[in-house]
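Beneath this line is the structure, given in structure tokens, with notes to follow.
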Amino acid sequence: MNKRRVVITGLGAVTPLGSSVEATWENLIKGVSGIGTVTRVNPDDYPAKVAGEATDFNPEDFMEKKDARKMDRFTQFALAASLMAVKDASLTITDDIAPRVGVWIGSGIGGMETFENQFETFQKRGYRRVSPFFVPMIIPDMAAGQVSIALGAKGINSCTVTACATGTNSIGDAFKVIQRGDADVMVSGGAEAPITKMSMAGFCANTALSTNPDPDTASRPFDKNRDGFVMGEGAGIIVLEELEFAKARGAKIYAEVVGYGSTGDAYHITAPAPGGEGGVRAMRQAIEDADLTPEQIDYINAHGTSTQYNEKFETMAIKEVFGSYAEKLPISSTKSMTGHLLGAAGGIEAIFSVLSIKEGIIPPTINLETPDPDCDLDYVPNEARKQEVSVALSNSLGFGGHNAVLVFKSYE
């Protein structure tokens, strides 16, 4: 099969570092943390006291108030980021091209806040007082649905739910849609709004969240003293286009998507497979799909959640894939600054990978103060590094044994 080339022409983001790509990237490369004391739930109710909240996000900057009220927060994030990405791409979706423009946006858990609020209403006041928009607000596919409606995109419309790999799987699957010829444009990524009572309760109950009360140091991937991840919220959306389609309309091109790997551990519902073997296969698959060698990768945006097993096994997986070259390969976890956006993580980390290529800057891993003997590679500690990046690889590893990897390359 003749594979069509796929390029990235637009970026949009809502993150704990800012409600735009520009603000987010500026803070990221400065090593600014977007994590603070949690406000969306009562911190006194939980052992985890901090979160990465999108504190400056106002949905009315992007949509009518009456429309925002019919959307859960995760959908608001997705729509805002999608509108920004399409604007950045200078893309006008006309009736002529609409059937060839698709949307593929995932969410790990969907409308948890709506579910919790409406369940409380049901318990207190009965079913008649439950919102008629309850179901459309909670289902994870509604981010893609609302974006499709807002943009007038009539091509394939889909949603991936693969826990923390969701955003990366979504972009990878959208990439393949264009590559095989089923669409010319895809708006893709992930969105999540998990800072809710029950989400916090669930992750605290399984001891996954950091109990460090200091917002500045709670998220510390690859550090010996890490004690769990920090919940984050937001969305990362990119516009993907078939190369000739993008060139014909004079679109600016950030980078090219060249490889995608997706595997399953078949091991455990939450723990990674020993040695990160599922991640090994996903990275190898993505590099092979890109028709590259491991030595051609210039930077890895790691999954790096700030949990004991993740970084140990991800490090082992990188060593297995890259051999002796692993010691020379810059790796960073941007979750040290954003927290873990669950289903949205892969979307914003794809943006960070693309911008590392465009700007020639590798974001740091902040709070890396005490090296973990099991994590002994170059994690770009504490300060961004100016370095030419021609090829970047982004890892996402999710509960359920989902492993997803994307490879981005400078456009030539």
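To be explicit about the labels: the chains of the structure tokens are called A, B, and onward in the order shown, and within each one the residues are counted from 1, while ligands get numbers from 1 in the order they are shown.
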Could you give me, as JSON lines, every range 3-40 of chain A residue with an atom at most 8 Å from range 351-369 of chain A, plus its closest atom pair and distance in Å to one decimal, counting only C-alpha atoms, rows ordered by chain then number?
```
{"residue": "A:Leu11", "atom": "CA", "partner": "A:Ile351", "partner_atom": "CA", "distance": 6.8}
{"residue": "A:Trp25", "atom": "CA", "partner": "A:Phe352", "partner_atom": "CA", "distance": 7.4}
{"residue": "A:Leu28", "atom": "CA", "partner": "A:Pro363", "partner_atom": "CA", "distance": 6.5}
{"residue": "A:Ile29", "atom": "CA", "partner": "A:Pro363", "partner_atom": "CA", "distance": 5.2}
{"residue": "A:Gly31", "atom": "CA", "partner": "A:Ile366", "partner_atom": "CA", "distance": 6.4}
```
Quick check for you: according to DSSP on this backbone, which residues of range 10-246 of chain A are classed as strand (DSSP E)? Reply as a ChimeraX atom specification. /A:10-14,36-37,50-51,101-106,157-158,185-192,234-242
Considering only C-alpha atoms, return as a list in words whatever protein or nucleic-acid residues lie within 8 Å of Pro294 in chain A, sequence-local ones (same chain, fewer than 4 positions apart) excluded.
Ile287, Val321 and Phe322 of chain A
Closest contacts (range 73-161 of chain A/range 198-204 of chain A, max 9 Å, only C-alpha atoms) as a tab-separated table:
```
residue	atom	partner	partner_atom	distance
A:Met112	CA	A:Ser199	CA	7.5
A:Glu113	CA	A:Met198	CA	8.6
A:Glu116	CA	A:Met198	CA	7.5
```
Checklist entry - Quick one: of A:Pro140, A:Gly34, A:Gly275, A:Gly181, who's nearest to Trp104 in chain A, counting only C-alpha atoms? => result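 Of A:Pro140, A:Gly34, A:Gly275, A:Gly181, the one nearest Trp104 in chain A, counting only C-alpha atoms, is A:Pro140.
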CA of Phe229 in chain A sits from CA of Phe119 in chain A at a separation of 27.7 Å
Item checked: Which of range 179-402 of chain A fall in alpha helix (DSSP H), as a count of residues only -> 63
* Asked: Leaving out Leu17 in chain A and any residue of its chain fewer than 3 positions from it, which residues lie within 12 Å of it when counting only C-alpha atoms, given as a PyMOL selection string?
  -> chain A and resi 13-14+20-36+51-57+232-235+334-339+341+348
Polymer residues at most 12 Å from Val391 in chain A, only C-alpha atoms, same-chain spacing of 3 or more positions, as a ChimeraX atom specification: /A:255-259,287,290-301,329-330,353-358,360,362,387-388,394,406-412
Would you output that residue set with N, CA, C and O atoms, as a short mmCIF file (atom, residue, chain, number, x, y, z; two decimals), in the first residue's frame?
```cif
data_model
loop_
_atom_site.label_atom_id
_atom_site.label_comp_id
_atom_site.auth_asym_id
_atom_site.auth_seq_id
_atom_site.Cartn_x
_atom_site.Cartn_y
_atom_site.Cartn_z
N ALA A 255 5.63 19.79 11.63
CA ALA A 255 6.42 18.55 11.61
C ALA A 255 5.61 17.49 10.90
O ALA A 255 4.45 17.70 10.51
N GLU A 256 6.20 16.34 10.74
CA GLU A 256 5.55 15.21 10.09
C GLU A 256 5.36 14.08 11.10
O GLU A 256 6.21 13.85 11.96
N VAL A 257 4.23 13.41 11.03
CA VAL A 257 4.02 12.19 11.83
C VAL A 257 4.48 11.02 10.97
O VAL A 257 4.01 10.86 9.84
N VAL A 258 5.40 10.23 11.49
CA VAL A 258 5.98 9.17 10.65
C VAL A 258 5.83 7.77 11.23
O VAL A 258 5.97 6.78 10.51
N GLY A 259 5.54 7.65 12.54
CA GLY A 259 5.45 6.31 13.11
C GLY A 259 4.48 6.21 14.26
O GLY A 259 4.26 7.17 15.00
N ILE A 287 9.07 2.87 15.68
CA ILE A 287 10.31 3.20 14.97
C ILE A 287 10.37 2.47 13.63
O ILE A 287 10.76 3.05 12.60
N ALA A 290 8.07 4.07 11.20
CA ALA A 290 8.66 5.31 10.70
C ALA A 290 9.80 5.06 9.71
O ALA A 290 10.33 6.02 9.13
N ASP A 291 10.18 3.80 9.55
CA ASP A 291 11.30 3.42 8.68
C ASP A 291 12.59 4.11 9.15
O ASP A 291 13.37 4.62 8.34
N LEU A 292 12.78 4.10 10.47
CA LEU A 292 13.96 4.69 11.07
C LEU A 292 14.71 3.65 11.89
O LEU A 292 14.21 2.53 12.10
N THR A 293 15.89 4.00 12.37
CA THR A 293 16.62 3.17 13.31
C THR A 293 16.56 3.85 14.68
O THR A 293 16.35 5.07 14.77
N PRO A 294 16.76 3.10 15.77
CA PRO A 294 16.73 3.72 17.09
C PRO A 294 17.71 4.88 17.23
O PRO A 294 17.42 5.88 17.91
N GLU A 295 18.86 4.78 16.57
CA GLU A 295 19.89 5.83 16.68
C GLU A 295 19.48 7.14 16.00
O GLU A 295 20.15 8.16 16.19
N GLN A 296 18.39 7.13 15.25
CA GLN A 296 17.92 8.36 14.60
C GLN A 296 16.95 9.15 15.48
O GLN A 296 16.56 10.26 15.13
N ILE A 297 16.56 8.58 16.63
CA ILE A 297 15.70 9.31 17.56
C ILE A 297 16.56 10.30 18.34
O ILE A 297 17.60 9.94 18.90
N ASP A 298 16.14 11.57 18.40
CA ASP A 298 16.92 12.61 19.07
C ASP A 298 16.40 12.94 20.46
O ASP A 298 17.12 13.54 21.26
N TYR A 299 15.14 12.62 20.75
CA TYR A 299 14.54 13.00 22.03
C TYR A 299 13.35 12.08 22.30
O TYR A 299 12.60 11.74 21.39
N ILE A 300 13.19 11.71 23.57
CA ILE A 300 12.01 10.97 24.01
C ILE A 300 11.24 11.79 25.04
O ILE A 300 11.80 12.19 26.06
N ASN A 301 9.96 12.05 24.76
CA ASN A 301 9.06 12.58 25.78
C ASN A 301 8.49 11.36 26.50
O ASN A 301 7.66 10.63 25.96
N LEU A 329 20.83 9.54 24.86
CA LEU A 329 19.54 10.01 24.36
C LEU A 329 18.84 10.89 25.39
O LEU A 329 18.52 10.42 26.50
N PRO A 330 18.56 12.16 25.09
CA PRO A 330 17.82 13.02 26.03
C PRO A 330 16.38 12.53 26.20
O PRO A 330 15.69 12.25 25.22
N SER A 353 6.39 17.44 21.91
CA SER A 353 7.36 16.76 21.05
C SER A 353 7.53 17.50 19.74
O SER A 353 8.66 17.68 19.25
N VAL A 354 6.41 17.93 19.17
CA VAL A 354 6.45 18.68 17.91
C VAL A 354 7.18 20.01 18.08
O VAL A 354 8.01 20.40 17.25
N LEU A 355 6.92 20.70 19.19
CA LEU A 355 7.57 21.99 19.42
C LEU A 355 9.06 21.83 19.74
O LEU A 355 9.86 22.73 19.46
N SER A 356 9.44 20.71 20.31
CA SER A 356 10.87 20.47 20.53
C SER A 356 11.60 20.40 19.20
O SER A 356 12.75 20.85 19.08
N ILE A 357 10.93 19.86 18.18
CA ILE A 357 11.50 19.81 16.83
C ILE A 357 11.53 21.20 16.21
O ILE A 357 12.55 21.65 15.69
N LYS A 358 10.41 21.90 16.29
CA LYS A 358 10.30 23.21 15.65
C LYS A 358 11.23 24.25 16.29
O LYS A 358 11.86 25.06 15.60
N GLY A 360 13.82 23.59 18.57
CA GLY A 360 15.17 23.18 18.94
C GLY A 360 15.45 23.30 20.42
O GLY A 360 16.54 23.67 20.85
N ILE A 362 14.64 21.18 24.20
CA ILE A 362 14.11 20.01 24.89
C ILE A 362 13.64 20.45 26.28
O ILE A 362 14.42 21.00 27.06
N GLN A 387 18.91 22.21 21.80
CA GLN A 387 19.51 21.14 21.03
C GLN A 387 18.66 20.87 19.79
O GLN A 387 17.43 20.85 19.88
N GLU A 388 19.29 20.68 18.67
CA GLU A 388 18.54 20.36 17.46
C GLU A 388 17.85 19.01 17.62
O GLU A 388 18.47 18.04 18.03
N SER A 394 7.32 9.93 21.47
CA SER A 394 6.49 10.19 22.65
C SER A 394 5.84 8.91 23.13
O SER A 394 5.18 8.21 22.36
N LEU A 406 4.28 7.44 19.52
CA LEU A 406 4.28 8.20 18.27
C LEU A 406 5.68 8.68 17.96
O LEU A 406 6.46 8.99 18.87
N VAL A 407 5.99 8.75 16.67
CA VAL A 407 7.27 9.31 16.22
C VAL A 407 6.98 10.49 15.30
O VAL A 407 6.23 10.38 14.33
N PHE A 408 7.59 11.63 15.64
CA PHE A 408 7.47 12.86 14.85
C PHE A 408 8.82 13.21 14.24
O PHE A 408 9.86 12.99 14.87
N LYS A 409 8.79 13.82 13.06
CA LYS A 409 10.02 14.12 12.35
C LYS A 409 9.94 15.52 11.75
O LYS A 409 8.86 15.97 11.35
N SER A 410 11.07 16.20 11.71
CA SER A 410 11.08 17.50 11.06
C SER A 410 10.67 17.34 9.60
O SER A 410 11.03 16.36 8.94
N TYR A 411 9.89 18.29 9.11
CA TYR A 411 9.36 18.19 7.75
C TYR A 411 10.42 18.57 6.73
O TYR A 411 11.08 19.59 6.86
N GLU A 412 10.58 17.71 5.75
CA GLU A 412 11.50 17.97 4.66
C GLU A 412 10.76 17.82 3.34
O GLU A 412 10.09 16.84 3.11
#
```
Fewer than 5 positions away in the same chain doesn't count, so skip those; otherwise give me all residues within 9 Å of Gly12 in chain A, counting only C-alpha atoms, as a compact mmCIF listing (two decimals) with N, CA, C and O atoms, in the first residue's frame.
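For reference, selection.txt as written:
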```
# COMPACT_ATOMS: atom_id res chain seq x y z
N SER A 19 -3.83 28.50 29.06
CA SER A 19 -4.95 28.15 28.18
C SER A 19 -4.65 28.48 26.73
O SER A 19 -5.51 28.95 25.98
N SER A 20 -3.42 28.26 26.33
CA SER A 20 -3.00 28.37 24.94
C SER A 20 -1.70 27.61 24.79
O SER A 20 -1.00 27.33 25.78
N VAL A 21 -1.37 27.27 23.55
CA VAL A 21 -0.09 26.59 23.30
C VAL A 21 1.07 27.52 23.66
O VAL A 21 2.06 27.09 24.27
N ALA A 80 -12.42 23.95 23.11
CA ALA A 80 -11.54 25.13 23.13
C ALA A 80 -10.23 24.83 22.43
O ALA A 80 -9.76 25.61 21.58
N ALA A 81 -9.61 23.70 22.76
CA ALA A 81 -8.32 23.35 22.15
C ALA A 81 -8.46 23.08 20.66
O ALA A 81 -7.57 23.42 19.87
N SER A 82 -9.57 22.49 20.25
CA SER A 82 -9.80 22.22 18.83
C SER A 82 -9.98 23.51 18.04
O SER A 82 -9.45 23.65 16.93
N LEU A 83 -10.74 24.44 18.60
CA LEU A 83 -10.93 25.73 17.93
C LEU A 83 -9.60 26.45 17.78
O LEU A 83 -9.31 27.05 16.73
N MET A 84 -8.76 26.38 18.81
CA MET A 84 -7.44 27.00 18.73
C MET A 84 -6.57 26.33 17.67
O MET A 84 -5.86 26.99 16.91
N ALA A 85 -6.64 24.99 17.62
CA ALA A 85 -5.81 24.26 16.66
C ALA A 85 -6.22 24.54 15.22
O ALA A 85 -5.37 24.73 14.34
N VAL A 86 -7.52 24.58 14.96
CA VAL A 86 -8.01 24.84 13.61
C VAL A 86 -7.68 26.28 13.20
O VAL A 86 -7.30 26.54 12.05
N LYS A 87 -7.80 27.21 14.14
CA LYS A 87 -7.42 28.59 13.85
C LYS A 87 -5.93 28.69 13.55
O LYS A 87 -5.50 29.37 12.61
N ASP A 88 -5.13 27.99 14.35
CA ASP A 88 -3.68 27.98 14.14
C ASP A 88 -3.32 27.42 12.77
O ASP A 88 -2.37 27.87 12.14
N ALA A 235 -6.59 19.69 27.78
CA ALA A 235 -6.71 19.04 26.48
C ALA A 235 -5.55 19.43 25.59
O ALA A 235 -5.03 20.55 25.68
N GLY A 236 -5.14 18.50 24.75
CA GLY A 236 -4.14 18.77 23.72
C GLY A 236 -4.66 18.25 22.39
O GLY A 236 -4.99 17.07 22.26
N ILE A 237 -4.79 19.15 21.41
CA ILE A 237 -5.38 18.81 20.12
C ILE A 237 -4.44 19.26 19.00
O ILE A 237 -3.89 20.37 19.05
N ILE A 238 -4.28 18.41 17.98
CA ILE A 238 -3.49 18.80 16.81
C ILE A 238 -4.31 18.60 15.54
O ILE A 238 -5.25 17.80 15.51
N VAL A 239 -3.97 19.37 14.52
CA VAL A 239 -4.57 19.20 13.20
C VAL A 239 -3.57 18.43 12.33
O VAL A 239 -2.43 18.87 12.15
N ILE A 348 -1.20 16.56 24.81
CA ILE A 348 -0.32 17.70 25.08
C ILE A 348 1.15 17.31 24.89
O ILE A 348 1.97 18.13 24.46
N ILE A 351 2.16 17.65 21.36
CA ILE A 351 2.46 19.06 21.07
C ILE A 351 3.86 19.42 21.55
O ILE A 351 4.64 20.06 20.83
```
In terms of only C-alpha atoms, the residue from A:Ser396, A:Gln146, A:Ser107, A:Thr121 at minimal distance from Met71 in chain A is A:Gln146
